[in-house]
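Participant: One file: target_9.txt (compact mmCIF, C-alpha atoms and all ligand atoms).
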# COMPACT_ATOMS: atom_id res chain seq x y z
CA MET A 63 34.69 18.83 5.09
CA SER A 64 34.21 18.02 1.39
CA PHE A 65 36.82 19.25 -1.11
CA LYS A 66 34.11 21.32 -2.79
CA LYS A 67 33.42 23.13 0.50
CA GLN A 68 37.14 23.52 1.24
CA MET A 69 37.59 25.21 -2.14
CA GLU A 70 34.69 27.58 -1.42
CA GLU A 71 36.18 28.55 1.94
CA THR A 72 39.73 28.91 0.62
CA ALA A 73 38.58 31.01 -2.33
CA LYS A 74 36.64 33.23 0.06
CA LYS A 75 39.59 33.61 2.46
CA GLN A 76 42.03 34.30 -0.38
CA LYS A 77 39.52 36.49 -2.27
CA SER A 78 40.64 34.58 -5.34
CA ASP A 79 39.14 32.05 -7.74
CA VAL A 80 42.51 31.41 -9.43
CA VAL A 81 44.11 27.94 -9.44
CA LEU A 82 47.78 28.16 -10.40
CA ALA A 83 48.94 25.48 -12.86
CA LEU A 84 52.61 24.99 -11.92
CA ASP A 85 53.84 24.24 -15.45
CA PHE A 86 57.26 25.00 -16.90
CA PRO A 87 58.95 24.17 -20.20
CA TYR A 88 61.09 21.03 -20.51
CA GLN A 89 64.41 21.13 -18.67
CA ASN A 90 67.37 18.86 -19.17
CA PRO A 91 66.66 16.24 -16.46
CA GLU A 92 70.16 16.78 -15.09
CA ASN A 93 69.04 20.26 -14.08
CA ARG A 94 65.62 19.20 -12.80
CA THR A 95 66.17 20.50 -9.28
CA THR A 96 65.93 24.02 -10.71
CA LEU A 97 62.26 23.22 -11.42
CA LEU A 98 61.69 22.74 -7.72
CA THR A 99 63.44 26.00 -6.87
CA LYS A 100 61.48 27.82 -9.58
CA SER A 101 58.18 26.35 -8.39
CA GLN A 102 58.90 27.32 -4.80
CA ALA A 103 59.80 30.87 -5.87
CA ILE A 104 56.62 31.28 -7.95
CA LEU A 105 54.47 29.89 -5.15
CA GLU A 106 56.09 32.27 -2.68
CA ALA A 107 55.44 35.21 -5.02
CA VAL A 108 51.87 34.47 -6.09
CA TYR A 109 50.24 32.72 -3.11
CA PRO A 110 48.32 35.85 -1.97
CA TYR A 111 46.45 35.85 -5.31
CA ILE A 112 45.49 32.20 -5.70
CA CYS A 113 43.34 29.67 -3.88
CA ALA A 114 44.94 26.41 -5.05
CA VAL A 115 47.84 24.91 -6.94
CA LYS A 116 47.44 22.39 -9.75
CA ILE A 117 50.33 20.05 -10.57
CA ASN A 118 50.65 17.58 -13.45
CA HIS A 119 53.25 15.65 -15.47
CA HIS A 120 55.27 18.87 -15.92
CA LEU A 121 56.56 18.34 -12.37
CA VAL A 122 55.66 14.75 -11.47
CA LEU A 123 57.90 13.35 -14.22
CA PRO A 124 61.08 15.29 -13.47
CA LEU A 125 60.71 15.65 -9.69
CA GLY A 126 58.87 12.51 -8.61
CA THR A 127 55.79 12.39 -6.43
CA PHE A 128 57.33 11.78 -3.01
CA ASN A 129 60.37 13.96 -3.44
CA GLY A 130 59.88 17.33 -5.09
CA VAL A 131 56.15 17.29 -5.70
CA GLN A 132 55.22 16.42 -2.13
CA THR A 133 57.41 19.32 -0.95
CA LEU A 134 55.30 21.64 -3.13
CA VAL A 135 52.03 20.17 -1.86
CA ASN A 136 53.22 20.80 1.70
CA ALA A 137 54.31 24.33 0.79
CA ALA A 138 50.86 25.03 -0.68
CA HIS A 139 49.18 23.71 2.48
CA ASP A 140 51.48 25.78 4.70
CA LYS A 141 50.23 28.85 2.86
CA GLY A 142 46.61 27.85 3.39
CA LEU A 143 46.10 26.74 -0.22
CA LEU A 144 44.72 23.50 -1.63
CA ALA A 145 46.56 21.16 -4.03
CA ILE A 146 45.08 19.41 -7.06
CA ILE A 147 46.80 16.71 -9.11
CA ASP A 148 45.87 16.91 -12.79
CA CYS A 149 46.63 13.25 -13.57
CA LYS A 150 43.50 12.82 -15.75
CA ALA A 151 43.10 9.30 -14.35
CA ASN A 152 41.94 7.21 -17.24
CA ASP A 153 42.60 3.51 -16.65
CA ILE A 154 40.90 0.38 -15.32
CA GLY A 155 39.54 0.63 -11.79
CA ASN A 156 42.34 -1.30 -10.08
CA THR A 157 45.01 0.99 -11.57
CA ASN A 158 42.90 4.09 -10.99
CA GLN A 159 42.56 3.16 -7.34
CA VAL A 160 46.34 2.88 -6.89
CA ILE A 161 46.90 6.17 -8.75
CA ALA A 162 44.46 7.87 -6.37
CA GLU A 163 45.97 6.23 -3.28
CA TYR A 164 49.48 7.42 -4.13
CA TYR A 165 48.46 10.97 -4.99
CA TYR A 166 46.27 11.29 -1.91
CA ALA A 167 49.14 9.82 0.18
CA ALA A 168 51.34 12.60 -1.20
CA GLY A 169 48.83 15.04 0.28
CA PHE A 170 46.81 16.10 -2.76
CA ASP A 171 43.34 17.33 -1.84
CA ALA A 172 41.76 16.37 -5.16
CA LEU A 173 42.55 14.70 -8.46
CA ILE A 174 41.27 15.15 -11.99
CA ALA A 175 39.83 12.08 -13.74
CA ASN A 176 38.48 11.28 -17.17
CA PRO A 177 34.83 10.12 -17.26
CA PHE A 178 35.35 8.37 -20.63
CA VAL A 179 36.35 5.24 -18.67
CA GLY A 180 32.92 4.98 -17.05
CA TRP A 181 31.85 4.03 -13.53
CA GLU A 182 31.96 0.28 -12.84
CA GLU A 183 35.61 -0.88 -12.80
CA GLY A 184 36.49 2.60 -14.04
CA LEU A 185 36.15 5.67 -11.83
CA LYS A 186 34.10 4.16 -8.98
CA PRO A 187 37.24 2.94 -7.16
CA ILE A 188 38.61 6.51 -7.23
CA PHE A 189 35.40 7.93 -5.79
CA ASP A 190 35.47 5.21 -3.10
CA VAL A 191 39.04 6.07 -2.05
CA ALA A 192 38.23 9.80 -2.15
CA ALA A 193 35.17 9.26 0.09
CA LYS A 194 37.22 7.20 2.56
CA LEU A 195 39.95 9.87 2.80
CA SER A 196 37.66 12.93 2.43
CA ARG A 197 39.38 14.07 -0.76
CA GLY A 198 37.97 15.42 -4.00
CA VAL A 199 37.42 14.19 -7.54
CA ILE A 200 37.09 16.58 -10.48
CA LEU A 201 35.93 15.26 -13.87
CA LEU A 202 36.76 16.45 -17.35
CA ALA A 203 33.63 17.64 -19.16
CA TYR A 204 34.96 19.57 -22.17
CA MET A 205 38.67 20.16 -22.65
CA SER A 206 40.21 23.43 -23.75
CA HIS A 207 42.06 22.33 -26.90
CA LYS A 208 40.62 22.30 -30.45
CA GLY A 209 40.60 18.50 -30.76
CA ALA A 210 38.23 18.31 -27.77
CA ALA A 211 35.38 18.57 -30.29
CA GLU A 212 36.26 15.10 -31.61
CA GLY A 213 35.54 13.39 -28.29
CA TYR A 214 33.82 15.65 -25.77
CA GLY A 215 31.83 17.35 -28.56
CA GLN A 216 30.54 14.25 -30.32
CA THR A 217 26.92 13.16 -30.28
CA VAL A 218 26.36 9.81 -28.59
CA VAL A 219 23.31 7.68 -27.91
CA ASP A 220 22.08 7.87 -24.31
CA ALA A 221 22.20 4.30 -22.99
CA LYS A 222 19.08 4.87 -20.84
CA THR A 223 16.79 6.73 -23.24
CA GLY A 224 18.19 5.61 -26.59
CA LYS A 225 18.13 9.26 -27.67
CA PRO A 226 21.04 11.29 -29.12
CA LEU A 227 22.95 13.25 -26.51
CA LEU A 228 26.04 15.45 -26.62
CA GLN A 229 28.98 13.73 -24.95
CA TYR A 230 29.68 16.71 -22.68
CA PHE A 231 26.05 16.82 -21.53
CA SER A 232 26.38 13.16 -20.63
CA PHE A 233 29.57 13.91 -18.63
CA ALA A 234 27.90 16.82 -16.83
CA LYS A 235 25.03 14.52 -15.83
CA LYS A 236 27.51 11.88 -14.66
CA ALA A 237 29.30 14.51 -12.54
CA LEU A 238 25.99 15.18 -10.76
CA ALA A 239 25.08 11.50 -10.41
CA TRP A 240 28.54 10.48 -9.17
CA GLY A 241 28.86 13.38 -6.72
CA ALA A 242 31.94 14.95 -8.33
CA ASP A 243 33.50 17.98 -6.63
CA GLY A 244 33.92 19.80 -9.91
CA VAL A 245 34.16 19.55 -13.68
CA VAL A 246 36.74 20.97 -16.07
CA VAL A 247 35.44 22.99 -19.04
CA GLY A 248 37.82 25.00 -21.22
CA ALA A 249 37.74 28.79 -21.06
CA THR A 250 38.21 28.58 -24.83
CA VAL A 251 34.58 27.40 -25.15
CA PRO A 252 32.46 29.78 -23.05
CA ASP A 253 29.30 28.61 -24.82
CA LYS A 254 29.97 25.11 -23.47
CA ILE A 255 30.63 26.53 -19.98
CA ARG A 256 27.21 28.19 -20.16
CA GLU A 257 25.43 25.02 -21.29
CA ILE A 258 27.14 22.85 -18.68
CA HIS A 259 26.47 25.43 -15.97
CA GLU A 260 22.76 25.24 -16.86
CA ILE A 261 22.87 21.55 -15.92
CA LEU A 262 25.12 21.77 -12.86
CA ARG A 263 24.24 25.14 -11.36
CA GLU A 264 25.83 25.44 -7.91
CA ALA A 265 25.86 21.67 -7.27
CA VAL A 266 29.11 21.03 -9.17
CA PRO A 267 31.51 23.95 -9.75
CA ILE A 268 33.23 24.48 -13.10
CA TYR A 269 37.04 24.75 -13.26
CA SER A 270 38.17 26.49 -16.41
CA PRO A 271 41.66 26.25 -17.94
CA GLY A 272 42.81 27.84 -21.18
CA ILE A 273 43.09 31.50 -20.14
CA GLY A 274 45.65 33.62 -21.98
CA ALA A 275 48.12 31.23 -23.62
CA GLN A 276 45.31 29.14 -25.14
CA GLY A 277 43.19 32.18 -26.01
CA GLY A 278 40.42 31.96 -23.38
CA LYS A 279 39.23 35.17 -21.71
CA ARG A 280 39.00 35.16 -17.94
CA ASN A 281 35.89 37.32 -17.53
CA ALA A 282 34.03 35.64 -20.40
CA ALA A 283 34.63 32.31 -18.63
CA ARG A 284 33.44 33.71 -15.31
CA GLU A 285 30.36 35.30 -16.87
CA ALA A 286 29.50 32.01 -18.57
CA GLY A 287 29.52 30.24 -15.18
CA ALA A 288 33.10 29.17 -14.41
CA ARG A 289 33.62 29.12 -10.64
CA TYR A 290 37.43 28.72 -10.72
CA LEU A 291 40.02 29.64 -13.33
CA ILE A 292 43.06 27.42 -13.91
CA VAL A 293 45.99 29.52 -15.12
CA GLY A 294 49.47 28.30 -16.04
CA ARG A 295 51.84 29.94 -18.52
CA GLU A 296 50.20 33.36 -18.26
CA ILE A 297 51.59 33.43 -14.70
CA THR A 298 54.54 30.99 -14.67
CA THR A 299 56.30 32.50 -17.69
CA ALA A 300 55.51 36.15 -16.88
CA ASP A 301 58.35 38.53 -16.05
CA LYS A 302 56.44 39.42 -12.90
CA PRO A 303 54.40 36.35 -11.89
CA ALA A 304 52.81 38.02 -8.84
CA GLU A 305 51.61 40.92 -10.98
CA ALA A 306 50.29 38.49 -13.62
CA ALA A 307 48.42 36.50 -10.95
CA ARG A 308 46.97 39.65 -9.38
CA LYS A 309 45.67 40.72 -12.79
CA MET A 310 43.67 37.45 -12.98
CA LEU A 311 41.57 38.34 -9.92
CA PRO A 312 37.88 39.09 -10.50
CA GLN A 313 38.25 42.62 -9.10
CA SER A 314 41.24 43.50 -11.36
P1 LIG B 401 47.96 27.15 -19.51
O1 LIG B 401 49.42 27.37 -19.54
O2 LIG B 401 47.37 26.96 -20.87
O3 LIG B 401 47.82 25.76 -18.71
O4 LIG B 401 47.23 28.18 -18.69
C1 LIG B 401 46.59 25.12 -18.47
C2 LIG B 401 46.82 23.98 -17.56
O5 LIG B 401 45.61 23.26 -17.43
C3 LIG B 401 45.75 22.00 -18.06
N1 LIG B 401 44.63 21.92 -18.95
C4 LIG B 401 43.62 21.18 -18.72
N2 LIG B 401 43.41 20.38 -17.71
N3 LIG B 401 41.33 19.89 -18.73
C5 LIG B 401 42.24 19.72 -17.72
O6 LIG B 401 41.98 18.95 -16.79
C6 LIG B 401 41.52 20.70 -19.77
O7 LIG B 401 40.68 20.85 -20.65
C7 LIG B 401 42.73 21.34 -19.75
N4 LIG B 401 43.24 22.20 -20.60
C8 LIG B 401 44.42 22.54 -20.08
C9 LIG B 401 47.04 21.94 -18.79
O8 LIG B 401 47.61 20.65 -18.76
C10 LIG B 401 47.83 22.94 -18.02
O9 LIG B 401 48.40 22.35 -16.86
For the structure just supplied, provide its representation as structure tokens.
Ligand code: XMP
Facilitator:
Amino acid sequence: MSFKKQMEETAKKQKSDVVLALDFPYQNPENRTTLLTKSQAILEAVYPYICAVKINHHLVLPLGTFNGVQTLVNAAHDKGLLAIIDCKANDIGNTNQVIAEYYYAAGFDALIANPFVGWEEGLKPIFDVAAKLSRGVILLAYMSHKGAAEGYGQTVVDAKTGKPLLQYFSFAKKALAWGADGVVVGATVPDKIREIHEILREAVPIYSPGIGAQGGKRNAAREAGARYLIVGREITTADKPAEAARKMLPQS
């Protein structure tokens, strides 16, 4: 089953469109094992209210992929959740392929990649590995931070038509053409979510980070067309993480 379909089914079963970003502030590396304990505790507390877990450098750097992080991927799977690695793969094809192979070997169901590197000798090798292993690829389309306007928001010239085109429109079209399982569009820019949703409709779901800590509003993102919300600090640094996660649900 495709990752896109697995997400649909997991979200339905969990009655949740929330992807937990397992992010914590820097810890002295000597105490890094506490990050694993903390992550396990948060996962245990919030799993009824989420459909997937997203992991990035916050945990890969201190814990390592095949030690701590793989334990968390397995824990997510044991709870019936999916696991996404937010590595924003962004290199030449040969390196991208190895990045994907290692993360998929660690059990991740999907990875996030940056379409700025293009297809040939860029992201194609990732899509090839993903197809072989039945895993997912999610592309950035418009990031949630202010500086995103400098890259994702710039006007470029469409190589095919020679006409001006917004960079994020171009990425949305690439997501369709390349068969991506999702795109990331910041909840901080609901107008961009709406525009990108117009292009993608139900074919490619929108994952939206930037809720709470970055100022994005969960229901505005949903109304604009976000299919899944990615939420980190609003849950991981809350006094009561389970309560914070429950409050993110569409029905709350
Ligand atoms: P917070 O704490 O702000 O964390 O809820 C958000 C999480 O999502 C990541 N993030 C992004 N990932 N495209 C991405 O692929 C984005 O535009 C984006 N903005 C934030 C961030 O690294 C953190 O893990």
Participant: Kindly work out which residues sit at most 8 Å from ligand LIG 401 (chain B), using only C-alpha atoms and all ligand atoms, and give the list as JSON, numbers by chain.
Facilitator: {"A": [83, 84, 85, 116, 117, 118, 120, 148, 150, 174, 175, 201, 202, 203, 204, 205, 206, 207, 210, 246, 247, 248, 270, 271, 272, 273, 274, 275, 276, 292, 293, 294, 295, 296, 297, 298]}
Participant: For CA of Asn129 in chain A and CA of Asn156 in chain A, determine how far apart the two atoms are, in Å to one decimal place.
Facilitator: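 These two atoms are separated by 24.5 Å.
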Participant: For a quick check of understanding, using only C-alpha atoms, which of A:Arg256, A:Lys302, A:Lys67, A:Lys309 has the smallest distance to Ala286 in chain A?
Facilitator: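 Under the stated criterion, the closest residue is A:Arg256.
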Participant: CA of Thr133 in chain A to CA of Ala172 in chain A: how many Å, to one decimal?
Facilitator: 16.5 Å
Participant: Around the point (29.0, 11.2, -12.6) in the file's coordinates, collect all residues with an atom within 12 Å, using all atoms listed in the file, and return them as a PyMOL selection string.
Facilitator: chain A and resi 175-182+184-186+188-189+199-203+230-245+262+266
Participant: Find the spatial neighbours of Leu98 in chain A, counting only C-alpha atoms, within a cut-off of 8 Å - ignore same-chain residues fewer than 6 positions away - and output them as a list in words.
Facilitator: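 Result of the neighbour search: Leu125, Gly130 and Leu134 of chain A.
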Participant: Choose the residue, out of A:Leu144, A:Ala192, A:Ile104, A:Val219, that has the smallest atom-to-atom separation from Tyr164 in chain A; count only C-alpha atoms.
Facilitator: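 Closest candidate: A:Ala192.
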Participant: Could you tell me how far CA of Met310 in chain A lies from CA of Ser196 in chain A, in Å and to one decimal?
Facilitator: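 Computing it gives 29.6 Å between the two atoms.
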Participant: Counting all atoms listed in the file, which residue out of A:Ala193, A:Leu143, A:Ala107, A:Ala138 sits closest to Glu305 in chain A?
Facilitator: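 Among A:Ala193, A:Leu143, A:Ala107, A:Ala138, it is A:Ala107 that comes nearest to Glu305 in chain A.
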Participant: Taking all atoms listed in the file into account, which of A:Pro226, A:Gly215, A:Gly287, A:Gly198 comes nearest Ser64 in chain A?
Facilitator: A:Gly198
Participant: For Arg94 in chain A, which residue out of A:Val81, A:Val122, A:Ile112, A:Ile258 is the nearest one, using all atoms listed in the file?
Facilitator: A:Val122
Participant: Kindly indicate which residue among A:Ala282, A:Ile147, A:Ala114, A:Val108 lies nearest to Val251 in chain A, using all atoms listed in the file for the distances.
Facilitator: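 Closest candidate: A:Ala282.
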Participant: Excluding Val218 in chain A and its own-chain neighbours fewer than 3 positions away, which residues fall within 9 Å of it when counting all atoms listed in the file? Please give them as a PyMOL selection string.
Facilitator: chain A and resi 221+225-229+232
Participant: Could you complete range 295-313 of chain A so that it carries N, CA and C atoms, and give it back as a short mmCIF file (atom, residue, chain, number, x, y, z; two decimals), in the coordinates of the input?
Facilitator:
data_model
loop_
_atom_site.label_atom_id
_atom_site.label_comp_id
_atom_site.auth_asym_id
_atom_site.auth_seq_id
_atom_site.Cartn_x
_atom_site.Cartn_y
_atom_site.Cartn_z
N ARG A 295 50.77 29.14 -17.91
CA ARG A 295 51.84 29.94 -18.52
C ARG A 295 51.68 31.45 -18.37
N GLU A 296 50.44 31.91 -18.38
CA GLU A 296 50.20 33.36 -18.26
C GLU A 296 50.84 33.90 -16.97
N ILE A 297 50.96 33.03 -15.96
CA ILE A 297 51.59 33.43 -14.70
C ILE A 297 53.03 32.89 -14.62
N THR A 298 53.22 31.61 -14.93
CA THR A 298 54.54 30.99 -14.67
C THR A 298 55.64 31.50 -15.60
N THR A 299 55.25 32.00 -16.79
CA THR A 299 56.30 32.50 -17.69
C THR A 299 56.33 34.03 -17.75
N ALA A 300 55.54 34.67 -16.89
CA ALA A 300 55.51 36.15 -16.88
C ALA A 300 56.80 36.70 -16.25
N ASP A 301 57.18 37.91 -16.67
CA ASP A 301 58.35 38.53 -16.05
C ASP A 301 58.09 38.78 -14.58
N LYS A 302 56.82 39.16 -14.30
CA LYS A 302 56.44 39.42 -12.90
C LYS A 302 55.25 38.53 -12.56
N PRO A 303 55.50 37.29 -12.13
CA PRO A 303 54.40 36.35 -11.89
C PRO A 303 53.35 36.85 -10.89
N ALA A 304 53.79 37.55 -9.84
CA ALA A 304 52.81 38.02 -8.84
C ALA A 304 51.86 39.03 -9.48
N GLU A 305 52.42 39.90 -10.30
CA GLU A 305 51.61 40.92 -10.98
C GLU A 305 50.64 40.23 -11.96
N ALA A 306 51.14 39.22 -12.67
CA ALA A 306 50.29 38.49 -13.62
C ALA A 306 49.16 37.78 -12.89
N ALA A 307 49.46 37.20 -11.72
CA ALA A 307 48.42 36.50 -10.95
C ALA A 307 47.40 37.50 -10.41
N ARG A 308 47.89 38.63 -9.93
CA ARG A 308 46.97 39.65 -9.38
C ARG A 308 46.00 40.12 -10.45
N LYS A 309 46.51 40.24 -11.67
CA LYS A 309 45.67 40.72 -12.79
C LYS A 309 44.55 39.73 -13.14
N MET A 310 44.69 38.48 -12.70
CA MET A 310 43.67 37.45 -12.98
C MET A 310 42.46 37.57 -12.04
N LEU A 311 42.63 38.30 -10.93
CA LEU A 311 41.57 38.34 -9.92
C LEU A 311 40.30 38.98 -10.48
N PRO A 312 39.14 38.58 -9.97
CA PRO A 312 37.88 39.09 -10.50
C PRO A 312 37.80 40.62 -10.41
N GLN A 313 38.36 41.17 -9.33
CA GLN A 313 38.25 42.62 -9.10
C GLN A 313 39.26 43.43 -9.90
#
